[in-house]
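Q: My structure is stored as input-v2.tsv, with TSV, C-alpha atoms and all ligand atoms.
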```tsv
chain	number	residue	atom	x	y	z
A	1	MET	CA	0.00	0.00	0.00
A	2	THR	CA	1.34	3.43	-0.87
A	3	LEU	CA	0.50	7.08	-0.32
A	4	ARG	CA	1.72	9.42	-3.04
A	5	GLY	CA	4.15	6.80	-4.19
A	6	ARG	CA	5.57	5.98	-0.76
A	7	PRO	CA	5.05	2.71	1.13
A	8	ALA	CA	2.58	3.29	3.97
A	9	CYS	CA	0.33	1.37	6.34
A	10	PRO	CA	-3.45	1.70	5.79
A	11	CYS	CA	-3.78	3.89	8.89
A	12	LEU	CA	-1.35	6.46	7.47
A	13	VAL	CA	-3.12	6.30	4.10
A	14	GLN	CA	-6.36	7.34	5.81
A	15	TRP	CA	-4.93	9.72	8.36
A	16	LEU	CA	-2.45	11.91	6.49
A	17	PRO	CA	-4.90	13.39	3.92
A	18	VAL	CA	-7.29	14.42	6.72
A	19	TYR	CA	-4.35	15.90	8.64
A	20	GLU	CA	-3.31	17.79	5.52
A	21	ALA	CA	-6.87	19.10	5.03
A	22	GLU	CA	-6.91	20.42	8.60
A	23	LEU	CA	-3.56	22.22	8.11
A	24	LEU	CA	-4.91	23.72	4.86
A	25	ARG	CA	-8.09	24.89	6.57
A	26	ARG	CA	-6.02	26.62	9.26
A	27	GLY	CA	-3.69	28.20	6.74
A	28	VAL	CA	-0.65	26.40	8.20
A	29	ILE	CA	0.13	25.16	4.67
A	30	GLN	CA	-0.76	26.53	1.25
A	31	PHE	CA	-0.90	23.40	-0.90
A	32	ASN	CA	0.22	20.14	0.66
A	33	ILE	CA	2.42	18.62	3.32
A	34	ASP	CA	5.90	17.50	2.25
A	35	ILE	CA	6.28	13.83	3.01
A	36	PHE	CA	9.90	12.74	3.66
A	37	GLN	CA	9.36	9.21	4.94
A	38	LEU	CA	6.50	6.89	5.92
A	39	ILE	CA	7.49	3.22	5.98
A	40	GLY	CA	11.23	3.25	5.42
A	41	ASN	CA	14.65	2.49	6.78
A	42	ALA	CA	16.42	5.85	6.84
A	43	PRO	CA	19.58	5.20	8.93
A	44	ALA	CA	18.83	8.18	11.19
A	45	SER	CA	15.45	6.63	12.12
A	46	ALA	CA	16.97	3.51	13.71
A	47	GLY	CA	14.17	1.19	12.56
A	48	VAL	CA	11.35	3.28	14.05
A	49	HIS	CA	9.74	3.64	10.61
A	50	SER	CA	10.23	0.03	9.52
A	51	LYS	CA	6.62	-1.23	9.92
A	52	GLY	CA	4.22	1.71	9.73
A	53	GLY	CA	2.36	4.25	11.82
A	54	ALA	CA	5.26	6.73	11.74
A	55	PHE	CA	5.68	9.73	9.47
A	56	ASP	CA	8.31	12.36	8.73
A	57	ILE	CA	7.17	15.58	7.07
A	58	GLY	CA	8.77	18.89	6.23
A	59	GLN	CA	6.35	21.12	8.17
A	60	THR	CA	7.78	22.04	11.56
A	61	GLN	CA	5.42	24.79	12.72
A	62	ARG	CA	4.22	24.44	16.28
A	63	GLU	CA	0.61	24.38	15.05
A	64	ALA	CA	1.44	21.49	12.71
A	65	VAL	CA	2.68	19.53	15.74
A	66	GLU	CA	-0.31	20.60	17.81
A	67	VAL	CA	-2.82	19.46	15.16
A	68	ALA	CA	-1.05	16.11	14.81
A	69	ARG	CA	-1.26	15.62	18.57
A	70	GLN	CA	-4.96	16.54	18.62
A	71	MET	CA	-5.52	14.09	15.78
A	72	GLY	CA	-4.20	11.07	17.66
A	73	ALA	CA	-0.46	11.37	17.14
A	74	ASP	CA	0.60	12.68	20.56
A	75	ALA	CA	4.09	11.33	19.89
A	76	THR	CA	4.85	14.08	17.38
A	77	TRP	CA	7.83	16.41	17.63
A	78	ALA	CA	9.47	19.03	15.47
A	79	ARG	CA	13.09	17.91	15.12
A	80	THR	CA	14.92	21.13	14.23
A	81	THR	CA	17.91	21.57	16.51
A	82	GLY	CA	21.16	19.82	17.39
A	83	ALA	CA	21.72	16.78	15.23
A	84	PHE	CA	18.58	17.70	13.25
A	85	ALA	CA	19.67	21.21	12.26
A	86	SER	CA	20.71	19.88	8.85
A	87	ASN	CA	17.71	17.52	8.63
A	88	ARG	CA	14.79	19.59	9.90
A	89	HIS	CA	11.51	17.69	9.94
A	90	THR	CA	8.56	16.71	12.09
A	91	HIS	CA	8.35	13.12	13.21
A	92	GLY	CA	5.13	11.57	14.46
A	93	VAL	CA	3.62	8.23	15.50
A	94	LEU	CA	-0.08	7.32	15.29
A	95	ARG	CA	-1.60	6.07	18.54
A	96	ASP	CA	-3.40	2.70	18.25
A	97	CYS	CA	-2.01	1.84	14.82
A	98	PRO	CA	-1.36	-1.93	14.85
A	99	HIS	CA	1.68	-1.47	12.60
A	100	ASN	CA	3.65	0.93	14.79
A	101	GLY	CA	5.40	-1.71	16.98
A	102	PRO	CA	8.97	-0.39	16.57
A	103	ALA	CA	7.83	3.17	17.39
A	104	ARG	CA	5.42	2.48	20.23
A	105	TYR	CA	7.98	3.24	22.94
A	106	GLN	CA	7.80	6.86	21.80
A	107	ILE	CA	4.08	7.02	22.64
A	108	ASP	CA	4.86	5.72	26.12
A	109	ALA	CA	7.62	8.32	26.30
A	110	VAL	CA	5.44	11.29	25.43
A	111	ASP	CA	2.72	10.06	27.79
A	112	ALA	CA	5.37	10.08	30.53
A	113	GLY	CA	6.50	13.61	29.57
A	114	PHE	CA	9.60	12.85	27.47
A	115	ASN	CA	10.79	13.80	23.99
A	116	GLY	CA	11.04	10.40	22.30
A	117	LEU	CA	14.82	10.61	21.81
A	118	GLY	CA	17.57	8.49	23.34
A	119	ARG	CA	17.19	5.46	25.55
A	120	GLU	CA	13.49	4.40	25.69
A	121	GLY	CA	12.70	7.80	24.21
A	122	ARG	CA	13.34	9.41	27.58
A	123	GLY	CA	16.46	11.38	26.71
A	124	GLY	CA	14.89	14.76	27.49
A	125	PRO	CA	11.65	16.52	28.46
A	126	ASP	CA	8.82	16.80	25.93
A	127	ASP	CA	9.08	20.11	24.09
A	128	GLY	CA	5.79	19.91	22.18
A	129	PRO	CA	2.44	21.60	22.82
A	130	ARG	CA	0.46	20.08	25.66
A	131	PRO	CA	-1.98	18.91	26.96
A	132	LEU	CA	-1.92	15.70	24.95
A	133	SER	CA	-5.19	14.56	23.37
A	134	GLY	CA	-4.93	10.86	24.22
A	135	ARG	CA	-6.95	10.20	21.04
A	136	THR	CA	-6.40	7.22	18.80
A	137	TRP	CA	-5.73	8.01	15.13
A	138	ARG	CA	-9.32	7.07	14.24
A	139	GLU	CA	-10.70	9.37	16.95
A	140	GLY	CA	-8.34	11.99	15.61
A	141	ILE	CA	-9.88	11.76	12.15
A	142	GLU	CA	-13.34	12.19	13.67
A	143	TRP	CA	-12.13	15.19	15.66
A	144	ALA	CA	-10.72	16.81	12.53
A	145	ARG	CA	-13.90	16.17	10.56
A	146	ARG	CA	-15.88	17.91	13.27
A	147	GLN	CA	-13.56	20.93	13.05
A	148	GLN	CA	-13.88	20.95	9.26
A	149	ALA	CA	-17.65	20.57	9.13
A	150	ALA	CA	-19.61	23.73	8.34
A	151	TYR	CA	-22.32	22.81	10.88
A	152	HIS	CA	-22.80	22.13	14.56
A	153	TRP	CA	-24.64	18.81	14.57
A	154	PHE	CA	-26.73	17.28	17.30
A	155	GLN	CA	-27.14	13.59	16.55
A	156	PRO	CA	-26.94	11.48	19.72
A	157	GLY	CA	-26.42	7.72	19.84
A	158	ASP	CA	-24.41	5.40	17.65
A	159	LEU	CA	-25.24	5.25	13.98
A	160	GLY	CA	-28.24	2.97	13.51
A	161	SER	CA	-29.51	3.38	17.09
A	162	ALA	CA	-32.94	4.87	17.80
A	163	GLU	CA	-31.46	8.23	18.77
A	164	SER	CA	-29.34	8.54	15.65
A	165	GLY	CA	-32.45	8.39	13.46
A	166	SER	CA	-32.73	12.18	13.53
A	167	ALA	CA	-30.35	15.11	13.56
A	168	LEU	CA	-30.37	18.87	14.07
A	169	GLY	CA	-27.82	21.19	12.54
A	170	VAL	CA	-26.91	24.87	12.63
A	171	ARG	CA	-24.46	26.47	10.28
A	172	LYS	CA	-21.50	27.61	12.37
A	173	SER	CA	-21.41	30.97	10.60
A	174	PHE	CA	-25.07	31.54	11.58
A	175	GLY	CA	-25.24	30.48	15.20
A	176	ASP	CA	-25.27	27.69	17.71
A	177	LEU	CA	-27.47	24.90	19.06
A	178	LEU	CA	-28.21	25.15	22.78
A	179	ASP	CA	-29.85	22.77	25.26
A	180	PRO	CA	-30.02	19.73	22.95
A	181	THR	CA	-32.51	17.19	24.31
A	182	VAL	CA	-33.81	13.78	23.25
A	183	VAL	CA	-37.53	13.09	23.76
A	184	VAL	CA	-38.98	9.61	23.22
A	185	GLY	CA	-41.59	10.05	20.50
A	186	SER	CA	-42.85	6.46	20.42
A	187	ASN	CA	-41.51	3.31	22.03
A	188	ALA	CA	-40.31	0.27	20.15
A	189	THR	CA	-43.28	-1.86	19.15
A	190	SER	CA	-44.04	-5.19	17.49
A	191	GLU	CA	-46.90	-3.52	15.63
A	192	GLY	CA	-46.58	-3.65	11.85
A	193	GLY	CA	-43.85	-6.28	12.03
A	194	GLY	CA	-41.67	-4.35	14.48
A	195	ILE	CA	-40.63	-0.69	14.58
A	196	ARG	CA	-37.67	0.68	16.51
A	197	ARG	CA	-38.10	3.46	19.06
A	198	ARG	CA	-38.47	6.85	17.41
A	199	SER	CA	-37.05	9.95	19.04
A	200	ILE	CA	-37.68	13.67	18.73
A	201	LEU	CA	-34.64	15.93	19.04
A	202	ARG	CA	-35.05	19.39	20.48
A	203	ALA	CA	-32.66	22.32	20.74
A	204	ARG	CA	-32.63	26.10	20.67
A	205	VAL	CA	-31.07	27.99	17.77
A	206	VAL	CA	-29.25	31.16	18.81
A	207	THR	CA	-27.71	33.50	16.25
A	208	THR	CA	-24.23	34.88	16.75
A	209	PRO	CA	-23.42	38.61	16.58
A	210	PRO	CA	-23.31	40.88	14.66
A	211	ARG	CA	-26.62	39.50	13.41
A	212	LYS	CA	-29.70	40.73	15.28
A	213	ARG	CA	-30.21	38.36	18.16
A	214	LEU	CA	-32.65	35.61	17.40
A	215	SER	CA	-33.38	32.60	19.59
A	216	PHE	CA	-35.96	29.98	18.76
A	217	PRO	CA	-36.57	26.30	19.55
A	218	VAL	CA	-36.56	23.65	16.81
A	219	ALA	CA	-37.29	19.92	16.71
A	220	ALA	CA	-36.68	17.06	14.29
A	221	GLY	CA	-38.20	13.61	14.19
A	222	HIS	CA	-39.21	10.65	12.10
A	223	ALA	CA	-42.61	9.12	12.78
A	224	PRO	CA	-43.25	5.36	12.43
A	225	PRO	CA	-44.72	4.25	9.10
A	226	PRO	CA	-48.47	3.70	8.35
A	227	ARG	CA	-48.24	-0.04	9.07
A	228	ALA	CA	-47.79	0.92	12.73
A	229	PRO	CA	-50.71	3.34	13.18
A	230	LYS	CA	-50.75	3.28	17.01
A	231	ALA	CA	-47.05	4.06	17.29
A	232	ARG	CA	-47.41	6.75	14.65
A	233	SER	CA	-50.31	8.35	16.42
A	234	ALA	CA	-48.40	8.29	19.73
A	235	PHE	CA	-45.47	9.96	17.97
A	236	MET	CA	-47.62	12.68	16.40
A	237	THR	CA	-49.30	13.41	19.73
A	238	LYS	CA	-45.89	13.80	21.37
A	239	LEU	CA	-44.58	15.95	18.53
A	240	ALA	CA	-47.62	18.25	18.72
A	241	LYS	CA	-46.79	18.93	22.38
A	242	VAL	CA	-43.12	19.72	21.82
A	243	PRO	CA	-42.78	23.48	22.10
A	244	ALA	CA	-40.77	24.45	19.01
A	245	ARG	CA	-41.16	27.16	16.37
A	246	PHE	CA	-40.11	24.85	13.59
A	247	LYS	CA	-40.48	21.11	13.76
A	248	GLY	CA	-40.25	18.63	10.97
A	249	GLY	CA	-38.86	15.58	9.24
A	250	ASP	CA	-40.29	12.57	7.44
A	251	MET	CA	-43.53	12.22	9.41
A	252	ASN	CA	-45.31	9.55	7.35
A	253	VAL	CA	-48.37	11.82	7.45
A	254	SER	CA	-49.27	14.18	4.61
A	255	GLY	CA	-48.70	17.92	4.99
A	256	PRO	CA	-52.39	18.96	4.82
A	257	LEU	CA	-53.29	16.40	7.48
A	258	ALA	CA	-50.36	17.64	9.57
A	259	ALA	CA	-51.66	21.21	9.26
A	260	ARG	CA	-55.02	20.04	10.64
A	261	LEU	CA	-53.40	18.03	13.44
A	262	THR	CA	-51.00	20.73	14.57
A	263	GLY	CA	-53.00	23.85	13.78
A	264	ARG	CA	-49.89	25.31	12.16
A	265	ARG	CA	-48.83	26.25	8.68
A	266	VAL	CA	-46.91	23.42	7.06
A	267	VAL	CA	-44.39	23.63	4.23
A	268	GLY	CA	-42.74	20.66	2.54
A	269	ASP	CA	-43.31	17.92	0.04
A	270	GLY	CA	-45.57	14.92	0.71
A	271	VAL	CA	-44.81	13.36	4.08
A	272	LEU	CA	-41.63	15.43	4.45
A	273	TRP	CA	-42.62	18.72	6.04
A	274	MET	CA	-42.01	21.28	8.76
A	275	THR	CA	-44.39	23.40	10.74
A	276	VAL	CA	-44.08	27.18	10.55
A	277	PRO	CA	-45.53	29.57	13.15
A	278	ARG	CA	-48.61	31.48	12.00
A	279	LEU	CA	-47.45	34.69	13.66
A	280	GLY	CA	-44.19	36.55	13.48
A	281	TRP	CA	-42.67	34.79	10.48
A	282	GLU	CA	-43.32	34.91	6.76
A	283	VAL	CA	-42.36	32.30	4.19
A	284	LEU	CA	-40.47	33.99	1.35
A	285	SER	CA	-39.89	30.95	-0.85
A	286	THR	CA	-39.45	27.20	-0.84
A	287	VAL	CA	-37.23	24.97	-2.99
A	288	ALA	CA	-37.75	21.23	-3.30
A	289	VAL	CA	-34.59	19.13	-3.70
A	290	ASP	CA	-35.10	15.92	-5.66
A	291	VAL	CA	-32.17	13.81	-6.80
A	292	GLY	CA	-34.35	11.04	-8.20
A	293	GLY	CA	-34.50	8.82	-5.12
A	294	ASP	CA	-37.60	8.38	-3.00
A	295	HIS	CA	-36.12	10.65	-0.34
A	296	LYS	CA	-36.15	14.41	-0.64
A	297	ALA	CA	-35.33	17.72	0.97
A	298	VAL	CA	-37.12	21.06	1.06
A	299	LEU	CA	-35.52	24.40	1.80
A	300	ALA	CA	-37.72	27.25	3.04
A	301	ARG	CA	-36.56	30.86	3.33
A	302	MET	CA	-38.30	32.51	6.27
A	303	ARG	CA	-38.24	36.10	7.42
A	304	HIS	CA	-38.56	36.98	11.07
A	305	LYS	CA	-40.79	40.04	10.83
A	306	LYS	CA	-39.64	41.88	13.93
A	307	THR	CA	-35.89	41.71	13.29
A	308	GLY	CA	-35.91	41.24	9.51
A	309	VAL	CA	-33.51	38.30	9.86
A	310	VAL	CA	-33.88	35.78	7.02
A	311	VAL	CA	-33.39	32.13	8.00
A	312	ARG	CA	-32.96	29.27	5.52
A	313	ILE	CA	-34.31	26.06	7.04
A	314	LEU	CA	-33.82	22.69	5.37
A	315	VAL	CA	-35.98	19.73	6.21
A	316	ILE	CA	-34.35	16.60	4.85
A	317	ASN	CA	-34.90	12.88	4.79
A	318	ALA	CA	-31.52	11.36	4.04
A	319	MET	CA	-31.40	7.61	3.58
A	320	SER	CA	-29.61	5.30	5.93
A	321	VAL	CA	-26.01	4.79	4.94
A	322	SER	CA	-26.45	1.04	4.52
A	323	ALA	CA	-29.70	1.26	2.53
A	324	GLY	CA	-28.58	3.73	-0.08
A	325	ALA	CA	-25.20	5.33	0.44
A	326	ALA	CA	-25.02	6.86	-3.04
A	327	LYS	CA	-28.46	8.49	-2.89
A	328	SER	CA	-27.91	9.49	0.71
A	329	SER	CA	-24.70	11.24	-0.27
A	330	GLU	CA	-26.46	12.96	-3.19
A	331	ILE	CA	-29.40	14.24	-1.20
A	332	LEU	CA	-27.10	15.47	1.56
A	333	ALA	CA	-24.80	17.22	-0.87
A	334	ALA	CA	-27.68	18.78	-2.82
A	335	GLY	CA	-29.56	19.91	0.29
A	336	LEU	CA	-26.53	21.30	2.08
A	337	ALA	CA	-25.24	22.98	-1.08
A	338	LEU	CA	-28.16	25.39	-0.53
A	339	LYS	CA	-26.30	26.45	2.62
A	340	PRO	CA	-29.22	26.19	5.01
A	341	HIS	CA	-28.81	27.93	8.36
A	342	VAL	CA	-30.81	25.28	10.18
A	343	VAL	CA	-31.28	21.62	9.28
A	344	LEU	CA	-34.11	19.40	10.56
A	345	ALA	CA	-33.11	15.89	9.51
A	346	SER	CA	-34.72	12.49	9.70
A	347	GLU	CA	-33.29	9.07	8.83
A	348	CYS	CA	-29.96	7.79	9.86
A	349	ALA	CA	-27.23	9.21	7.67
A	350	ASP	CA	-24.30	9.98	9.93
A	351	PHE	CA	-24.33	13.76	10.04
A	352	ARG	CA	-21.67	13.97	12.75
A	353	ALA	CA	-18.98	12.46	10.61
A	354	VAL	CA	-19.98	14.28	7.46
A	355	ASP	CA	-17.59	16.82	6.09
A	356	VAL	CA	-20.17	18.10	3.69
A	357	ASP	CA	-17.82	20.22	1.65
A	358	ALA	CA	-15.61	17.19	1.13
A	359	ILE	CA	-18.57	15.11	-0.02
A	360	HIS	CA	-19.35	17.75	-2.54
A	361	ARG	CA	-15.79	17.93	-3.80
A	362	ASN	CA	-14.95	14.26	-3.87
A	363	GLN	CA	-18.34	12.57	-4.27
A	364	GLU	CA	-17.46	10.50	-1.23
A	365	LYS	CA	-20.01	8.44	0.60
A	366	PRO	CA	-20.88	9.70	4.06
A	401	ZN	ZN	-0.92	1.46	10.65
A	402	ZN	ZN	10.66	9.84	11.76
```
Spell out the structure here as structure tokens.
Ligand SMILES: [Zn+2]
Ligand SMILES: [Zn+2]

A:
Amino acid sequence: MTLRGRPACPCLVQWLPVYEAELLRRGVIQFNIDIFQLIGNAPASAGVHSKGGAFDIGQTQREAVEVARQMGADATWARTTGAFASNRHTHGVLRDCPHNGPARYQIDAVDAGFNGLGREGRGGPDDGPRPLSGRTWREGIEWARRQQAAYHWFQPGDLGSAESGSALGVRKSFGDLLDPTVVVGSNATSEGGGIRRRSILRARVVTTPPRKRLSFPVAAGHAPPPRAPKARSAFMTKLAKVPARFKGGDMNVSGPLAARLTGRRVVGDGVLWMTVPRLGWEVLSTVAVDVGGDHKAVLARMRHKKTGVVVRILVINAMSVSAGAAKSSEILAAGLALKPHVVLASECADFRAVDVDAIHRNQEKP
């Protein structure tokens, strides 16, 4: 396995491009990192690079070391002085890489406060930025993706669990999500052949200055399907009681019926809709997003009358990753390309791990 023509272990192949993207985003580098050695036997490395998990790059900025440490390579040091003055580079080791055996003593060394040089890597005190992250390289990739994402996401639970079936998002440039809460909408039931528990997510959206201050509650959910009418009715009753200005998702109930049930205005497409307050807000326009699958998204532009603030809210039903990764990726990319300020999402695409801009660029699967 190689990365840019150099032998590498699979962990490095996954990790280094994400590390590079994070340095680019921060402006630490302009184009790319300069890779000197991955798996190799440079005499100066004394076998540390012989199996994998270790890298040598040309970037020696303190922030480059700091980002590597945050991303699960705590054993990273800029080697720029003494014997390294004529061979300046940054050397790092991924934590939890199964291929890093010959370099692992350096992770123990940094954990104990040493610099990874000399006997057992304890030749001198650690000179890198602390505190250490303690993250594994995989956790480090997740951390970086969260930094790189354009949105704050609230999506509790593991992917595929009841809680992960919905998500709320706020564009970081617009504001923040406060007080995120999970409400049980309907319990798991054997009705209709078995339906998992369905949750309703609540949070408050708060705009950041210099925008006029706006704070309003939102909720997202996904009601059980028609073959489980009791569970669906329990869910709708619970949703109606949730105090939120905007609430929506794939509700398995048509919009007009929803308008009757909730007494609110409803905008959307079929069973995918959101409620809109009758007072205080006006709907400027709506755009339906259809990429040819059976799942859709609708963006509504709303104006808050008192402050004049315009808010773009997307209600989206992404497909589960396993059921339709390609269509899920398409609907996510198309919906989020409209740069919504607020996202009310149903279904179980993994929003937390999604670097949406990267999906758009690379056509990757979330
Ligand atoms: Zn590895
Ligand atoms: Zn090295």

Q: I'd like the contact shell of Val309 of chain A - 10 Å cut-off, all atoms listed in the file, skipping same-chain residues fewer than 2 positions apart - returned as a list in words.

A: Thr207, Arg211, Lys212, Arg213, Leu214, Trp281, Met302, Arg303, His304, Lys305, Lys306, Thr307 and Val311 of chain A

Q: Let me have all residues with an atom within 8 Å of ligand ZN 402 (chain A), counting only C-alpha atoms and all ligand atoms, laid out as a PyMOL selection string.

A: chain A and resi 37-38+45+48-49+54-56+90-92

Q: Mind listing the residues within 8 Å of ligand ZN 401 (chain A), only C-alpha atoms and all ligand atoms counted, as a ChimeraX atom specification?

A: /A:8-12,52-53,94,97-100

Q: Calculate how many Å separate atom CA of Val289 of chain A from atom CA of Ile316 of chain A, rounding to one decimal.

A: 8.9 Å

Q: Using all atoms listed in the file, pick whichever of A:Ser328, A:Phe174, A:Arg69, A:Arg227 has the shortest atom-to-atom distance to Val310 of chain A.

A: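 Of A:Ser328, A:Phe174, A:Arg69, A:Arg227, the one nearest Val310 of chain A, counting all atoms listed in the file, is A:Phe174.
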
Q: Starting from 6 Å padding per side, set up an axis-aligned box that covers all listed atoms of segment 172-178 of chain A and hand over centre and edge lengths in Å, one decimal, as AutoDock Vina command-line options.

A:
```
--center_x -24.8 --center_y 28.2 --center_z 16.7 --size_x 18.8 --size_y 18.6 --size_z 24.2
```

Q: Residues at most 12 Å from Lys172 of chain A, counting only C-alpha atoms, excluding those fewer than 5 positions away in the same chain, as a list in words?

A: Arg146, Gln147, Gln148, Ala149, Ala150, Tyr151, His152, Trp153, Leu177, Val205, Val206, Thr207, Thr208, Pro209, Lys339, Pro340, His341, Val342 and Val343 of chain A

Q: Given the point (-0.5, 2.0, 19.7) in the coordinates of this file, which residues lie within 12 Å, counting only C-alpha atoms, and how would they look as a PyMOL selection string?

A: chain A and resi 11+52-54+72-75+93-108+111+134-138
